[in-house]
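Trainee: Okay, so here is data08.pdb, and as you'll see once you scroll down, it has PDB, C-alpha atoms.
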ATOM      1  CA  MET E   1       0.000   0.000   0.000
ATOM      2  CA  ILE E   2       2.816   2.449   0.876
ATOM      3  CA  LYS E   3       4.546   1.618  -2.410
ATOM      4  CA  VAL E   4       1.411   2.711  -4.299
ATOM      5  CA  ILE E   5       1.186   5.935  -2.303
ATOM      6  CA  CYS E   6       4.884   6.657  -2.902
ATOM      7  CA  SER E   7       4.550   5.924  -6.611
ATOM      8  CA  VAL E   8       1.706   8.419  -6.941
ATOM      9  CA  GLY E   9       3.517  10.883  -4.676
ATOM     10  CA  ARG E  10       6.520  10.924  -7.029
ATOM     11  CA  LYS E  11       4.189  12.022  -9.844
ATOM     12  CA  ILE E  12       2.514  14.801  -7.845
ATOM     13  CA  THR E  13       5.309  17.332  -7.763
ATOM     14  CA  PRO E  14       5.082  21.107  -7.754
ATOM     15  CA  PRO E  15       3.923  22.874  -9.823
ATOM     16  CA  SER E  16       1.189  20.230 -10.294
ATOM     17  CA  GLU E  17      -2.184  21.856 -10.261
ATOM     18  CA  ALA E  18      -4.099  21.391  -7.036
ATOM     19  CA  ILE E  19      -6.949  19.676  -8.880
ATOM     20  CA  TYR E  20      -4.593  16.874 -10.032
ATOM     21  CA  ALA E  21      -3.320  16.386  -6.487
ATOM     22  CA  GLN E  22      -6.878  16.318  -5.126
ATOM     23  CA  VAL E  23      -7.989  13.741  -7.732
ATOM     24  CA  ALA E  24      -4.941  11.589  -6.997
ATOM     25  CA  GLU E  25      -5.583  11.779  -3.251
ATOM     26  CA  GLU E  26      -9.237  10.825  -3.645
ATOM     27  CA  THR E  27      -8.385   7.977  -6.028
ATOM     28  CA  LEU E  28      -5.734   6.658  -3.631
ATOM     29  CA  SER E  29      -8.222   6.889  -0.776
ATOM     30  CA  ASP E  30     -10.632   4.668  -2.711
ATOM     31  CA  LEU E  31      -7.863   2.216  -3.723
ATOM     32  CA  VAL E  32      -6.374   1.681  -0.275
ATOM     33  CA  HIS E  33      -9.598   2.189   1.709
ATOM     34  CA  ARG E  34      -8.161   4.970   3.865
ATOM     35  CA  PRO E  35      -9.462   8.505   4.525
ATOM     36  CA  VAL E  36      -8.217  11.293   2.254
ATOM     37  CA  GLY E  37      -6.654  13.041   5.258
ATOM     38  CA  TRP E  38      -4.515   9.961   5.976
ATOM     39  CA  ILE E  39      -3.406   9.847   2.326
ATOM     40  CA  VAL E  40      -2.485  13.562   2.364
ATOM     41  CA  GLU E  41      -0.573  13.067   5.631
ATOM     42  CA  LYS E  42       1.454  10.199   4.118
ATOM     43  CA  LEU E  43       2.126  12.131   0.894
ATOM     44  CA  MET E  44       3.334  15.187   2.822
ATOM     45  CA  ASP E  45       5.634  13.209   5.167
ATOM     46  CA  PRO E  46       9.071  12.836   3.502
ATOM     47  CA  ALA E  47       9.925   9.914   5.803
ATOM     48  CA  THR E  48       7.044   7.812   4.435
ATOM     49  CA  CYS E  49       8.756   7.143   1.127
ATOM     50  CA  ALA E  50      12.404   7.802   1.998
ATOM     51  CA  ASP E  51      13.499   4.132   1.839
ATOM     52  CA  ILE E  52      11.398   3.309  -1.213
ATOM     53  CA  ASN E  53      12.550   6.358  -3.164
ATOM     54  CA  ALA E  54      16.194   5.758  -2.193
ATOM     55  CA  ALA E  55      15.979   2.231  -3.598
ATOM     56  CA  LEU E  56      14.815   3.666  -6.933
ATOM     57  CA  ARG E  57      17.739   6.082  -7.296
ATOM     58  CA  PRO E  58      20.640   4.973  -9.470
ATOM     59  CA  GLN E  59      23.126   3.045  -7.378
ATOM     60  CA  ALA E  60      26.874   3.147  -7.791
ATOM     61  CA  THR E  61      28.200   0.067  -9.549
ATOM     62  CA  VAL E  62      30.736  -1.756  -7.445
ATOM     63  CA  ALA E  63      33.005  -4.143  -9.286
ATOM     64  CA  LYS E  64      33.880  -7.238  -7.314
ATOM     65  CA  VAL E  65      37.463  -8.160  -8.030
ATOM     66  CA  GLN E  66      38.596 -11.599  -7.024
ATOM     67  CA  ALA E  67      42.025 -11.820  -5.476
ATOM     68  CA  PRO E  68      44.622 -13.324  -7.822
ATOM     69  CA  ILE E  69      45.433 -17.009  -7.392
ATOM     70  CA  ALA E  70      49.049 -18.068  -7.899
ATOM     71  CA  LEU E  71      49.700 -20.698 -10.556
ATOM     72  CA  LEU E  72      53.217 -22.103 -10.475
ATOM     73  CA  VAL E  73      54.915 -22.381 -13.871
ATOM     74  CA  GLY E  74      58.187 -24.254 -14.398
ATOM     75  CA  SER E  75      61.220 -23.077 -16.339
ATOM     76  CA  ASP E  76      59.774 -24.859 -19.391
ATOM     77  CA  GLY E  77      56.725 -22.560 -19.334
ATOM     78  CA  LEU E  78      54.267 -25.266 -18.263
ATOM     79  CA  PRO E  79      52.271 -25.218 -15.021
ATOM     80  CA  VAL E  80      53.647 -27.175 -12.068
ATOM     81  CA  SER E  81      51.422 -29.313  -9.882
ATOM     82  CA  THR E  82      52.014 -31.030  -6.561
ATOM     83  CA  ASN E  83      51.055 -34.212  -8.464
ATOM     84  CA  PRO E  84      54.150 -35.689 -10.186
ATOM     85  CA  VAL E  85      52.009 -37.777 -12.566
ATOM     86  CA  TRP E  86      50.205 -34.685 -13.854
ATOM     87  CA  ASN E  87      53.545 -32.906 -14.289
ATOM     88  CA  ALA E  88      54.888 -35.849 -16.301
ATOM     89  CA  CYS E  89      51.684 -36.145 -18.374
ATOM     90  CA  ILE E  90      51.547 -32.503 -19.432
ATOM     91  CA  ARG E  91      55.219 -32.645 -20.394
ATOM     92  CA  GLY E  92      54.889 -35.983 -22.242
ATOM     93  CA  HIS E  93      57.426 -37.833 -20.058
ATOM     94  CA  VAL E  94      55.250 -40.348 -18.211
ATOM     95  CA  SER E  95      55.918 -43.999 -17.427
ATOM     96  CA  LEU E  96      53.574 -46.851 -16.500
ATOM     97  CA  GLU E  97      55.352 -47.144 -13.154
ATOM     98  CA  LEU E  98      54.672 -43.466 -12.425
ATOM     99  CA  ILE E  99      50.979 -43.841 -13.398
ATOM    100  CA  ARG E 100      50.636 -46.845 -11.060
ATOM    101  CA  SER E 101      52.074 -44.767  -8.205
ATOM    102  CA  ASN E 102      49.523 -41.977  -8.667
ATOM    103  CA  THR E 103      47.624 -41.270  -5.443
ATOM    104  CA  ASP E 104      44.996 -39.298  -7.396
ATOM    105  CA  MET E 105      42.289 -41.915  -7.986
ATOM    106  CA  VAL E 106      39.179 -42.217 -10.150
ATOM    107  CA  ALA E 107      36.158 -44.518  -9.702
ATOM    108  CA  MET E 108      36.040 -47.489 -12.054
ATOM    109  CA  ASN E 109      32.292 -48.102 -11.762
ATOM    110  CA  ALA E 110      29.014 -46.359 -10.975
ATOM    111  CA  ARG E 111      28.939 -47.713  -7.401
ATOM    112  CA  GLU E 112      32.285 -46.010  -6.786
ATOM    113  CA  ASP E 113      33.561 -48.975  -4.821
ATOM    114  CA  MET E 114      36.510 -49.724  -7.114
ATOM    115  CA  PHE E 115      39.193 -47.184  -7.933
ATOM    116  CA  ARG E 116      42.242 -46.929 -10.143
ATOM    117  CA  PRO E 117      45.039 -44.360 -10.406
ATOM    118  CA  LYS E 118      44.336 -41.492 -12.792
ATOM    119  CA  THR E 119      46.144 -41.638 -16.117
ATOM    120  CA  CYS E 120      47.073 -38.805 -18.470
ATOM    121  CA  GLY E 121      43.722 -39.298 -20.221
ATOM    122  CA  ASP E 122      41.900 -38.484 -16.994
ATOM    123  CA  TYR E 123      43.564 -35.071 -16.835
ATOM    124  CA  THR E 124      42.972 -34.144 -20.473
ATOM    125  CA  HIS E 125      39.658 -34.665 -22.248
ATOM    126  CA  ALA E 126      40.350 -32.786 -25.449
ATOM    127  CA  THR E 127      43.497 -31.987 -27.344
ATOM    128  CA  GLY E 128      45.368 -29.282 -25.485
ATOM    129  CA  LEU E 129      42.884 -28.912 -22.588
ATOM    130  CA  TRP E 130      44.197 -29.976 -19.184
ATOM    131  CA  GLU E 131      42.476 -30.126 -15.785
ATOM    132  CA  MET E 132      44.871 -29.286 -12.998
ATOM    133  CA  PRO E 133      44.479 -31.409  -9.827
ATOM    134  CA  ASP E 134      45.687 -28.585  -7.529
ATOM    135  CA  HIS E 135      42.957 -26.231  -8.774
ATOM    136  CA  PRO E 136      39.620 -28.082  -9.179
ATOM    137  CA  GLY E 137      37.574 -26.569 -11.988
ATOM    138  CA  LEU E 138      40.589 -24.983 -13.695
ATOM    139  CA  THR E 139      41.051 -26.051 -17.306
ATOM    140  CA  LEU E 140      44.220 -24.927 -19.040
ATOM    141  CA  SER E 141      44.699 -24.616 -22.775
ATOM    142  CA  VAL E 142      48.197 -25.831 -23.688
ATOM    143  CA  SER E 143      49.748 -25.666 -27.158
ATOM    144  CA  LYS E 144      53.162 -27.056 -28.007
ATOM    145  CA  HIS E 145      55.086 -25.173 -30.687
ATOM    146  CA  GLY E 146      58.355 -27.113 -30.448
ATOM    147  CA  PRO E 147      60.694 -28.538 -27.829
ATOM    148  CA  LYS E 148      60.223 -26.540 -24.636
ATOM    149  CA  ASN E 149      58.157 -23.991 -26.548
ATOM    150  CA  TYR E 150      54.612 -23.879 -25.142
ATOM    151  CA  SER E 151      51.815 -21.395 -24.895
ATOM    152  CA  VAL E 152      49.445 -21.782 -21.983
ATOM    153  CA  GLY E 153      46.047 -20.096 -21.730
ATOM    154  CA  ILE E 154      45.547 -19.186 -18.086
ATOM    155  CA  PRO E 155      42.182 -17.666 -17.149
ATOM    156  CA  LEU E 156      41.640 -14.930 -14.576
ATOM    157  CA  PRO E 157      42.003 -14.713 -11.596
ATOM    158  CA  TYR E 158      45.062 -16.982 -11.931
ATOM    159  CA  VAL E 159      48.453 -15.318 -12.228
ATOM    160  CA  VAL E 160      51.731 -16.924 -13.270
ATOM    161  CA  VAL E 161      54.382 -17.424 -10.616
ATOM    162  CA  ARG E 162      57.675 -18.708 -12.014
ATOM    163  CA  GLU E 163      59.164 -21.762 -10.311
ATOM    164  CA  GLU E 164      62.963 -21.487 -10.125
ATOM    165  CA  MET E 165      63.812 -25.191 -10.091
ATOM    166  CA  GLU E 166      63.180 -27.751 -12.792
ATOM    167  CA  VAL E 167      60.177 -30.030 -12.325
ATOM    168  CA  GLY E 168      61.243 -33.189 -10.508
ATOM    169  CA  GLN E 169      64.046 -31.515  -8.509
ATOM    170  CA  LYS E 170      61.928 -31.060  -5.386
TER
END
Take the structure I supplied and represent it as structure tokens, if you would.
Mentor:
Amino acid sequence: MIKVICSVGRKITPPSEAIYAQVAEETLSDLVHRPVGWIVEKLMDPATCADINAALRPQATVAKVQAPIALLVGSDGLPVSTNPVWNACIRGHVSLELIRSNTDMVAMNAREDMFRPKTCGDYTHATGLWEMPDHPGLTLSVSKHGPKNYSVGIPLPYVVVREEMEVGQK
């Protein structure tokens, strides 16, 4: 009911003719089943519509900036994970023994009661797209242009942090 009164009140501004204000007040009185005097009192009180009118004013746009997330990159230009199997897979230097030692597991059936170590194919589902185990939901686009010549698409808010040592030296 107050929203209706405030909406009409915003339209009755000086120098509106008194007849228009009187018609609006009488119409509002009929709509909200209140006496005309009560309607006039509410229209004249600036506090009645202060919150409603404030909500209708243009609001300042506040950009929410997510804090950057560090993504370690080795001297070869490729991201570095805490998972040695993923590091070997993305660099193309993986062995069956290393895959078997992977502690990152995937369910083998719908009941999820049997598991196997993840292989390189579990980390990449399309050519050049890699899911990084340290950052769930992060998919990296990796293109190889020659030996130790890669380009990596890293989305925001991730930022590159260079790793000083070679992968595998930890």
Trainee: With only C-alpha atoms as the atoms that count, which of E:Asp134, E:Arg100, E:Ser95, E:Ala50 lies nearest to Asn83 of chain E?
Mentor: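 Result for the nearest residue to Asn83 of chain E: E:Asp134.
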Trainee: Could you check how far atom CA of Cys6 of chain E sits from atom CA of Cys49 of chain E, in Å to one decimal?
Mentor: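 Between atom CA of Cys6 of chain E and atom CA of Cys49 of chain E the gap is 5.6 Å.
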Trainee: Please identify all polymer residues within 12 Å of Ala107 of chain E, counting only C-alpha atoms, omitting same-chain residues fewer than 4 positions from it, and present them as a list of chain:residue names.
Mentor: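 After dropping sequence-adjacent residues, the list is E:Arg111, E:Glu112, E:Asp113, E:Met114, E:Phe115, E:Arg116, E:Pro117, E:Lys118, E:Asp122.
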Trainee: For the structure provided, state which residues fall under the PyMOL selection byres ((chain E and resi 157) around 9), and present them as a list in words.
Mentor: Val65, Gln66, Ala67, Pro68, Ile69, Ala70, Ile154, Pro155, Leu156, Tyr158 and Val159 of chain E
Trainee: Show me, as a PyMOL selection string, the residues that have an atom within 8 Å of Val160 of chain E when counting only C-alpha atoms, minus same-chain residues fewer than 6 positions from it.
Mentor: chain E and resi 70-73
Trainee: Write the residues of the selection above to a file with C-alpha atoms, as a CSV table (one decimal), in the frame of the given file.
Mentor:
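Okay, result-v4.csv is ready:
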chain,number,residue,atom,x,y,z
E,70,ALA,CA,49.0,-18.1,-7.9
E,71,LEU,CA,49.7,-20.7,-10.6
E,72,LEU,CA,53.2,-22.1,-10.5
E,73,VAL,CA,54.9,-22.4,-13.9
Trainee: Can you measure atom CA of Val142 of chain E to atom CA of Leu129 of chain E for me? One decimal in Å is fine.
Mentor: 6.2 Å
Trainee: Dump as an mmCIF file with C-alpha atoms, in the coordinates of the input all residues having an atom at most 12 Å from (52.0, -30.1, -2.3), computed in the file's coordinates with only C-alpha atoms.
Mentor:
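part-v1.cif, freshly written:
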data_model
loop_
_atom_site.group_PDB
_atom_site.id
_atom_site.type_symbol
_atom_site.label_atom_id
_atom_site.label_comp_id
_atom_site.auth_asym_id
_atom_site.auth_seq_id
_atom_site.Cartn_x
_atom_site.Cartn_y
_atom_site.Cartn_z
ATOM 1 C CA LEU E 72 53.217 -22.103 -10.475
ATOM 2 C CA VAL E 80 53.647 -27.175 -12.068
ATOM 3 C CA SER E 81 51.422 -29.313 -9.882
ATOM 4 C CA THR E 82 52.014 -31.030 -6.561
ATOM 5 C CA ASN E 83 51.055 -34.212 -8.464
ATOM 6 C CA PRO E 84 54.150 -35.689 -10.186
ATOM 7 C CA PRO E 133 44.479 -31.409 -9.827
ATOM 8 C CA ASP E 134 45.687 -28.585 -7.529
ATOM 9 C CA HIS E 135 42.957 -26.231 -8.774
ATOM 10 C CA LYS E 170 61.928 -31.060 -5.386
#
Trainee: Using all atoms listed in the file, which residue out of E:Pro79, E:Pro46, E:Gly121, E:Pro136 lies closest to Arg10 of chain E?
Mentor: E:Pro46
Trainee: In Å to one decimal, how far is atom CA of Val23 of chain E from atom CA of Lys42 of chain E?
Mentor: 15.6 Å
Trainee: Excluding Trp130 of chain E and any residue of its chain fewer than 2 positions from it, enumerate the residues within 6 Å of it, using all atoms listed in the file, and give them as a list of chain:residue names.
Mentor: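 My reading of the contact set: E:Tyr123, E:Thr124, E:Thr139, E:Leu140.
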Trainee: Box for segment 89-102 of chain E - axis-aligned, 5 Å on each of the six sides, all listed atoms - centre and size in Å to one decimal, as AutoDock Vina command-line options.
Mentor:
--center_x 53.5 --center_y -39.8 --center_z -15.2 --size_x 17.9 --size_y 24.6 --size_z 24.0
Trainee: Starting from the shown file, work through the PyMOL selection byres ((chain E and resi 31-38) around 12) and note down what comes out as a PyMOL selection string.
Mentor: chain E and resi 1-5+8+21-30+39-45+48
Trainee: From the list E:Leu78, E:Ala110, E:Cys120, E:Ile90, which residue is nearest Ser151 of chain E when using all atoms listed in the file?
Mentor: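 The answer is E:Leu78, which sits nearest to Ser151 of chain E.
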Trainee: Working from the structure I just supplied, which lacks atoms in segment 34-55 of chain E, can you model N, CA and C atoms there and output them as an mmCIF file, in the frame of the given file?
Mentor:
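Generated file (result-v6.cif):
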data_model
loop_
_atom_site.group_PDB
_atom_site.id
_atom_site.type_symbol
_atom_site.label_atom_id
_atom_site.label_comp_id
_atom_site.auth_asym_id
_atom_site.auth_seq_id
_atom_site.Cartn_x
_atom_site.Cartn_y
_atom_site.Cartn_z
ATOM 1 N N ARG E 34 -8.587 4.114 2.760
ATOM 2 C CA ARG E 34 -8.161 4.970 3.865
ATOM 3 C C ARG E 34 -8.747 6.359 3.625
ATOM 4 N N PRO E 35 -8.925 7.147 4.691
ATOM 5 C CA PRO E 35 -9.462 8.505 4.525
ATOM 6 C C PRO E 35 -8.486 9.392 3.741
ATOM 7 N N VAL E 36 -9.031 10.367 3.043
ATOM 8 C CA VAL E 36 -8.217 11.293 2.254
ATOM 9 C C VAL E 36 -7.193 11.994 3.136
ATOM 10 N N GLY E 37 -7.568 12.365 4.335
ATOM 11 C CA GLY E 37 -6.654 13.041 5.258
ATOM 12 C C GLY E 37 -5.419 12.177 5.557
ATOM 13 N N TRP E 38 -5.633 10.876 5.720
ATOM 14 C CA TRP E 38 -4.515 9.961 5.976
ATOM 15 C C TRP E 38 -3.591 9.904 4.763
ATOM 16 N N ILE E 39 -4.185 9.880 3.566
ATOM 17 C CA ILE E 39 -3.406 9.847 2.326
ATOM 18 C C ILE E 39 -2.574 11.122 2.216
ATOM 19 N N VAL E 40 -3.193 12.282 2.452
ATOM 20 C CA VAL E 40 -2.485 13.562 2.364
ATOM 21 C C VAL E 40 -1.345 13.590 3.384
ATOM 22 N N GLU E 41 -1.608 13.104 4.595
ATOM 23 C CA GLU E 41 -0.573 13.067 5.631
ATOM 24 C C GLU E 41 0.631 12.232 5.166
ATOM 25 N N LYS E 42 0.374 11.066 4.585
ATOM 26 C CA LYS E 42 1.454 10.199 4.118
ATOM 27 C C LYS E 42 2.206 10.839 2.947
ATOM 28 N N LEU E 43 1.482 11.485 2.043
ATOM 29 C CA LEU E 43 2.126 12.131 0.894
ATOM 30 C C LEU E 43 2.989 13.317 1.318
ATOM 31 N N MET E 44 2.611 14.001 2.378
ATOM 32 C CA MET E 44 3.334 15.187 2.822
ATOM 33 C C MET E 44 4.545 14.829 3.706
ATOM 34 N N ASP E 45 4.558 13.610 4.262
ATOM 35 C CA ASP E 45 5.634 13.209 5.167
ATOM 36 C C ASP E 45 6.794 12.627 4.350
ATOM 37 N N PRO E 46 7.956 13.329 4.299
ATOM 38 C CA PRO E 46 9.071 12.836 3.502
ATOM 39 C C PRO E 46 9.623 11.494 3.991
ATOM 40 N N ALA E 47 9.411 11.179 5.257
ATOM 41 C CA ALA E 47 9.925 9.914 5.803
ATOM 42 C C ALA E 47 9.137 8.712 5.296
ATOM 43 N N THR E 48 7.885 8.928 4.885
ATOM 44 C CA THR E 48 7.044 7.812 4.435
ATOM 45 C C THR E 48 7.690 7.052 3.279
ATOM 46 N N CYS E 49 8.231 7.772 2.344
ATOM 47 C CA CYS E 49 8.756 7.143 1.127
ATOM 48 C C CYS E 49 10.275 7.194 1.015
ATOM 49 N N ALA E 50 10.949 7.614 2.081
ATOM 50 C CA ALA E 50 12.404 7.802 1.998
ATOM 51 C C ALA E 50 13.121 6.523 1.559
ATOM 52 N N ASP E 51 12.821 5.385 2.192
ATOM 53 C CA ASP E 51 13.499 4.132 1.839
ATOM 54 C C ASP E 51 13.127 3.652 0.441
ATOM 55 N N ILE E 52 11.852 3.767 0.107
ATOM 56 C CA ILE E 52 11.398 3.309 -1.213
ATOM 57 C C ILE E 52 12.004 4.165 -2.317
ATOM 58 N N ASN E 53 11.992 5.475 -2.146
ATOM 59 C CA ASN E 53 12.550 6.358 -3.164
ATOM 60 C C ASN E 53 14.066 6.195 -3.283
ATOM 61 N N ALA E 54 14.738 5.961 -2.161
ATOM 62 C CA ALA E 54 16.194 5.758 -2.193
ATOM 63 C C ALA E 54 16.545 4.511 -2.988
ATOM 64 N N ALA E 55 15.719 3.476 -2.862
ATOM 65 C CA ALA E 55 15.979 2.231 -3.598
ATOM 66 C C ALA E 55 15.822 2.419 -5.106
#
